[in-house]
Amino acid sequence: MDFKQLLTQAQNDLKQVSCEAELESWRIKYLGRKSGLASFFKTLKDLSDELKKRQGQQANEVRQQLQEWYQKASQQFSNSSTVSILDYTRPGKKITQGHLHPLTLSLRKIIKSFEKLGFLVVEGPEIETEYYHFDALRIFPDHPARDMWNTFWLDSKNKTPSARKTKKDEEKLLLRAHTSPVQIRYMEQHIPPLRIISPGRCFRYEATDATHNFQFYQVEGLMVDEHITLAGFKSLITMALKSILGDNILLRFRPSYFPFVTPGIEVDVKIAGKWIELLGAGMVHPDLFKVVGYENNKWQGFAFGLGVERFAMLNFKVDDIRLFYSSDVRFLEQF
Amino acid sequence: MKFSYQWLKDLGHFAFSPNQVAELLTLHLAESRVVKSGKFAVLEVDLLPNRVADAGCHLGLTRELLAYEGKKFVYPRIKVKESSEAIDKYLALNHQSNLCNYYSARLIQGVQVKKSPSWLQQRLKDCGLRPINNVVDASNYIMLLTGQPLHVFDYDKLSPILSDSPKREIIIRLAHPHEAITTLDGEILELSTSDLVIADHKQPLALAGIKGGQAAEITQQTQNIVLESANFDGVTVRKTSRLHQLITEASWRFEHNLSPQLAPYSLELLAQLIREVSGGEILAGVLESKKRSSKKNQKNIIPISWSRWSNFLGWSLSQSRIKQILTNLGFSFIERKNYLLITPPEFRNDIICAQDVMGEVARLIGVNNIPLNAPLLTSVLPKENEFWVFKEQFKDWLAAYQLEEVYNYSLISKEVVESVGLNNSSRVIKLANPLSNLFYYLRPSLIFNFLENVQHNLSFRNEVRLFELGKIYQQGTDFSEDEVVGGVLSQRQAVSEDLFLEAKGILEDLLKKFGFSRSDYSFASLNDAWYSSLLKSGAILMINSKPVGVVGISNSTLNNFFDLKNDVVFWEIKLAPWFTEIKAEKYYKPLPKYPAVSRDISFIISSDVLIDNILNAMQSASPELLVDVDLFDVYRDEQMGNKQSLSFHLVFQSPHKTLTKSEVDQELDKIITKLKHLGAIIR
């Protein structure tokens, strides 16, 4: 067998190979089971010992050479093929996480801003007593101010009276319509200075539409210290709201009324040419300090309450409040 | 509340346009807008409860507007032209109840009841009232002007005291037992003995301060009329109005505790106006009576030192400015050396303490105009609410398991609770005043909302994975609310066991993330009667032997209720006990120095033997060197009957040396021996 010629031919053929499939044909032709070289090895046993030794050695060298060429070429192909086949426009593999609810996201934003101002997150119960929810906050029975909080009352007919011990608890129970009872609960346990925010779920006995829901989230804020003033409140709340809604927002402060603050204040923000109510606030009424047993005339403070849905609607341009409670994954996935 | 712009302008002679009035009121009083423009412009003012009594009328609102301009409001003066005949001859007052603070009456003879003049009708319509006849319209008009509700009776329908005398009597008293009244609307009300009525000595003529009765109704034939202007106790009016579900313009106004001063003034205005629009003669004199045990009307005097103003408001105002504003608002004051003794105007029943007074000054300046002065603060490093941080962490991790966060309602339907028979359970809390049957009970578990969520979402997708962090409510010895986190997994054509294992896997990974080790928690069989009514199978999660939650598969009753074809895997964990059990610190374990050796083992064993028991057996057989066990295959088929084939991947490792083959074989033998005790046939 003319090994020299075989190598030359193989080398020339290899030059013509332009893809992996052609290289495979080349391999079959020169290194496959039916190749000339393979047939030669089959006939090797018929040769004389000396020829066997000499030609066998030569054939081995040729085979090694061919294999070397093959490997080199196939490596080239595999290198170049990854480059040419990658289509970076193909969609990435779908890797997903779940999504936090928009109310969670807005609430976090609100809380973060107040935390930077030194406010501590505290929580209060959703099932409240008439005392903490109304009386202690100066929302007296048989007073028209009570109508500002349409309330769900709990059926406590089955209640064993013995379970309730203190006088404050001997009240009718309700689902809280605002987070303000937390003010009383917290002040009863803590001496100022204090700065708290209290997020939580509230309920109002009200018909539902695109901007009202019978269930909603509120964040209560309370700050009590020796030198808290009305101008101080304005400055602090402006900082916080700008940090939540952006530096360029336009705010408006106007009078309002809540029995547990005086004076009462409402804060609006201007969105698309319209003023939108953002939060109710005011200076803590001195009667509340009396109710919780604080030293007379020592403390001043402000309190506020804001609706989380309102912020989320502004944050994400959601136009129907009921979507937040829809559980529709097509909505939830967007956040 | 609606106001006629032109009326306000007629009273105040100001130059503001309707929009300017709305803007001023919004910034200084209450949110206001122009609801009708043009010749008969109408303003809507959302008065808050503290200002209804003084600003809920055209005179009051004009007084407000003039204060913004720095002008003092002067009441229109009134002089009634009386006839020579005295009222006493015809009418007497019998004031029997303390619940009326003041009562006054006048008598007009010879009125002609007809349609009102158009200017009067227009004013009423602008303010949202329907014109009826000149007498009734006049009383409504004066109410809109002064805020004082008024009433007119047909004098001739009152029963005489004696049959031979024309004299009649107005009695102010509580309703008698079993008494009833037919209102002007024709409704018959059974009265309670706490209801205050105006009566003649035969029957009630009106529900005091709320609504008149048919007995003395004004009709076309009416000639002689009694005008009533009174001050009724707000709480009494409110209670009666709520009891009979009868809320009227009058009752709403009285609830806000009107000033008693309004009554005599309004009576004069009304008499004069009726004479003008209906003719007739006003009899001489006013019948008047005051509350019998009326406490001395104590004047509320509020001392405020000069230094207190800036301490409270946060910027400094000159003394002259303060005094000017107080004067504009109708306050009077006496100057002392370092302070003012301030008396609020009589018409402001909402000014009680110093903060109220200082707030009024800020209000007139405009809270919007207050400077932003950063507060002087005590420097404290704020603490962190660790429970809150824990819950937020929980949410982040749950989202990472591809669960979508939902917020559901805390109220669930009557029907769903009844479907699982929990309406008879003393543990479920019911609303006393539900909005509807859809929101009837407080949810005792998250599962009800979740199944509804699954039903909704499966209508447009094949897989639903949700979580919620919220409260559930139950009634034990007390009403309780527990904060829980829960989730659901549901997938069309999924094997529910796979979903169950995924949910359990999520919980196990969470436990690990919060620093719990295998020995801190366990899953126990679901022998809880409560969850058994909701789940067909599942397990209770115990942390340090305390139950904290459940993971299981919803039962067919619930699935049928929500029309669900496939199983839903549900879990619910109480957050407080989980949080309590978290160990404060998490320490690192040194990395292994010597290589691990792994072996696989397969065996057939009865399905009655719990995997937990098998794992415990293996661990106890090789307590030191078996460091990890992984069940990688479970195989069952019909021929195996009650048995299953299990394959485990076992990892052996020593912290002290490289294990030899024979050492590992020895450990494996010990494990096999233990497994054989459990009835395993090694393959």
# chains A, B, ... in the order shown; residues from 1 in each chain; ligands from 1
call {"tool": "interface_residues", "arguments": {"of": "chain B", "to": "chain A", "cutoff": "7 Å", "atoms": "only C-alpha atoms", "output": "number ranges by chain"}}
result
B: 26-30, 48-49, 235, 238-239, 255-256, 311-315, 355-356, 359, 363, 367-368, 370-376, 382-385, 399-409, 430-433, 435, 453, 457, 477-478
call {"tool": "residues_around", "arguments": {"residues": "range 266-269 of chain B", "least_positions_apart": "2", "cutoff": "7 Å", "atoms": "only C-alpha atoms", "output": "list in words"}}
result
Ile78, Val80, Ile142, Thr146, Gln148, Ser229, Leu262, Ala263, Pro264, Ala271, Gln272 and Leu273 of chain B
call {"tool": "select_by_dssp", "arguments": {"residues": "range 161-298 of chain A", "states": "helix (DSSP H, G or I)", "output": "MDAnalysis selection string"}}
result
chainID A and resid 161:163 167:169 181:189 230:245 286:291
call {"tool": "closest_residue", "arguments": {"among": "A:Ile244, A:Val308, A:Ala73, A:Ile271", "to": "Leu23 in chain A", "atoms": "only C-alpha atoms"}}
result
A:Ala73
call {"tool": "select_by_dssp", "arguments": {"residues": "range 158-214 of chain B", "states": "strand (DSSP E or B)", "output": "VMD selection string"}}
result
chain B and resid 160 168 to 174 180 to 183 188 to 190 196 to 199 204 to 207 211 to 213
call {"tool": "residues_around", "arguments": {"residues": "range 347-350 of chain B", "least_positions_apart": "6", "cutoff": "7 Å", "atoms": "only C-alpha atoms", "output": "ChimeraX atom specification"}}
result
/B:50,54,259
call {"tool": "write_last_selection", "arguments": {"atoms": "C-alpha atoms", "output": "PDB file, in the first residue's frame"}}
result
ATOM      1  CA  ASN B  50     -67.547  69.947  64.232  1.00  0.00           C
ATOM      2  CA  ASP B  54     -72.148  77.044  63.110  1.00  0.00           C
ATOM      3  CA  SER B 259     -76.536  76.919  69.732  1.00  0.00           C
TER       4      SER B 259
END
call {"tool": "residues_around", "arguments": {"residues": "Glu31 in chain B", "least_positions_apart": "5", "cutoff": "7 Å", "atoms": "only C-alpha atoms", "output": "list in words"}}
result
Leu25, Thr26, Val45 and Asp46 of chain B
call {"tool": "write_last_selection", "arguments": {"atoms": "all heavy atoms", "output": "PDB file, in the first residue's frame"}}
result
ATOM      1  N   LEU B  25     -62.865  78.353  50.822  1.00  0.00           N
ATOM      2  CA  LEU B  25     -63.455  77.443  51.804  1.00  0.00           C
ATOM      3  C   LEU B  25     -62.629  76.168  51.912  1.00  0.00           C
ATOM      4  O   LEU B  25     -62.408  75.646  53.001  1.00  0.00           O
ATOM      5  CB  LEU B  25     -64.903  77.117  51.425  1.00  0.00           C
ATOM      6  CG  LEU B  25     -65.893  78.284  51.559  1.00  0.00           C
ATOM      7  CD1 LEU B  25     -67.258  77.901  51.000  1.00  0.00           C
ATOM      8  CD2 LEU B  25     -66.029  78.705  53.023  1.00  0.00           C
ATOM      9  N   THR B  26     -62.153  75.662  50.779  1.00  0.00           N
ATOM     10  CA  THR B  26     -61.343  74.446  50.805  1.00  0.00           C
ATOM     11  C   THR B  26     -60.086  74.655  51.647  1.00  0.00           C
ATOM     12  O   THR B  26     -59.704  73.800  52.435  1.00  0.00           O
ATOM     13  CB  THR B  26     -60.961  74.027  49.374  1.00  0.00           C
ATOM     14  OG1 THR B  26     -62.157  73.741  48.662  1.00  0.00           O
ATOM     15  CG2 THR B  26     -60.070  72.795  49.384  1.00  0.00           C
ATOM     16  N   VAL B  45     -70.307  72.093  49.897  1.00  0.00           N
ATOM     17  CA  VAL B  45     -69.280  72.185  50.942  1.00  0.00           C
ATOM     18  C   VAL B  45     -69.368  70.928  51.803  1.00  0.00           C
ATOM     19  O   VAL B  45     -70.429  70.634  52.357  1.00  0.00           O
ATOM     20  CB  VAL B  45     -69.474  73.446  51.825  1.00  0.00           C
ATOM     21  CG1 VAL B  45     -68.360  73.564  52.849  1.00  0.00           C
ATOM     22  CG2 VAL B  45     -69.541  74.695  50.957  1.00  0.00           C
ATOM     23  N   ASP B  46     -68.264  70.161  51.876  1.00  0.00           N
ATOM     24  CA  ASP B  46     -68.278  68.927  52.681  1.00  0.00           C
ATOM     25  C   ASP B  46     -67.943  69.256  54.131  1.00  0.00           C
ATOM     26  O   ASP B  46     -66.836  68.975  54.611  1.00  0.00           O
ATOM     27  CB  ASP B  46     -67.249  67.929  52.131  1.00  0.00           C
ATOM     28  CG  ASP B  46     -67.547  67.534  50.693  1.00  0.00           C
ATOM     29  OD1 ASP B  46     -68.706  67.705  50.271  1.00  0.00           O
ATOM     30  OD2 ASP B  46     -66.629  67.056  50.000  1.00  0.00           O
TER      31      ASP B  46
END
call {"tool": "residues_around", "arguments": {"residues": "range 34-44 of chain B", "least_positions_apart": "2", "cutoff": "8 Å", "atoms": "only C-alpha atoms", "output": "mmCIF file with N, CA and C atoms, in the first residue's frame"}}
result
data_model
loop_
_atom_site.group_PDB
_atom_site.id
_atom_site.type_symbol
_atom_site.label_atom_id
_atom_site.label_comp_id
_atom_site.auth_asym_id
_atom_site.auth_seq_id
_atom_site.Cartn_x
_atom_site.Cartn_y
_atom_site.Cartn_z
ATOM 1 N N MET B 1 -73.056 69.554 51.600
ATOM 2 C CA MET B 1 -74.125 70.491 51.867
ATOM 3 C C MET B 1 -74.117 71.598 50.818
ATOM 4 N N LYS B 2 -75.315 71.914 50.307
ATOM 5 C CA LYS B 2 -75.382 72.858 49.190
ATOM 6 C C LYS B 2 -75.675 74.289 49.673
ATOM 7 N N PHE B 3 -75.012 75.219 49.018
ATOM 8 C CA PHE B 3 -75.205 76.632 49.335
ATOM 9 C C PHE B 3 -75.428 77.414 48.046
ATOM 10 N N SER B 4 -76.333 78.407 48.133
ATOM 11 C CA SER B 4 -76.561 79.295 46.996
ATOM 12 C C SER B 4 -75.521 80.409 47.038
ATOM 13 N N TYR B 5 -74.766 80.511 45.961
ATOM 14 C CA TYR B 5 -73.702 81.519 45.907
ATOM 15 C C TYR B 5 -74.285 82.926 46.032
ATOM 16 N N GLN B 6 -75.389 83.160 45.318
ATOM 17 C CA GLN B 6 -75.970 84.507 45.298
ATOM 18 C C GLN B 6 -76.470 84.909 46.690
ATOM 19 N N PRO B 18 -67.689 82.520 42.396
ATOM 20 C CA PRO B 18 -68.010 81.203 42.963
ATOM 21 C C PRO B 18 -66.773 80.318 43.132
ATOM 22 N N ASN B 19 -65.891 80.309 42.119
ATOM 23 C CA ASN B 19 -64.693 79.467 42.229
ATOM 24 C C ASN B 19 -63.758 79.946 43.319
ATOM 25 N N ALA B 22 -65.144 78.720 46.580
ATOM 26 C CA ALA B 22 -64.859 77.291 46.773
ATOM 27 C C ALA B 22 -63.409 77.077 47.194
ATOM 28 N N SER B 32 -64.577 72.078 49.176
ATOM 29 C CA SER B 32 -65.742 72.697 48.531
ATOM 30 C C SER B 32 -65.542 72.743 47.033
ATOM 31 N N ASP B 46 -68.264 70.161 51.876
ATOM 32 C CA ASP B 46 -68.278 68.927 52.681
ATOM 33 C C ASP B 46 -67.943 69.256 54.131
ATOM 34 N N ASP B 126 -82.059 75.493 44.761
ATOM 35 C CA ASP B 126 -80.597 75.583 44.695
ATOM 36 C C ASP B 126 -79.953 74.762 45.808
ATOM 37 N N CYS B 127 -80.595 74.754 46.948
ATOM 38 C CA CYS B 127 -80.015 74.055 48.106
ATOM 39 C C CYS B 127 -80.506 72.614 48.200
#
call {"tool": "residues_around", "arguments": {"residues": "Asn134 in chain B", "least_positions_apart": "6", "cutoff": "7 Å", "atoms": "only C-alpha atoms", "output": "list of chain:residue names"}}
result
B:Val113, B:Lys114, B:Lys115, B:Ser116, B:Val277, B:Ser278
call {"tool": "closest_residue", "arguments": {"among": "B:Leu377, B:Leu675, B:Leu668, B:Val548", "to": "Ser606 in chain B", "atoms": "only C-alpha atoms"}}
result
B:Leu675
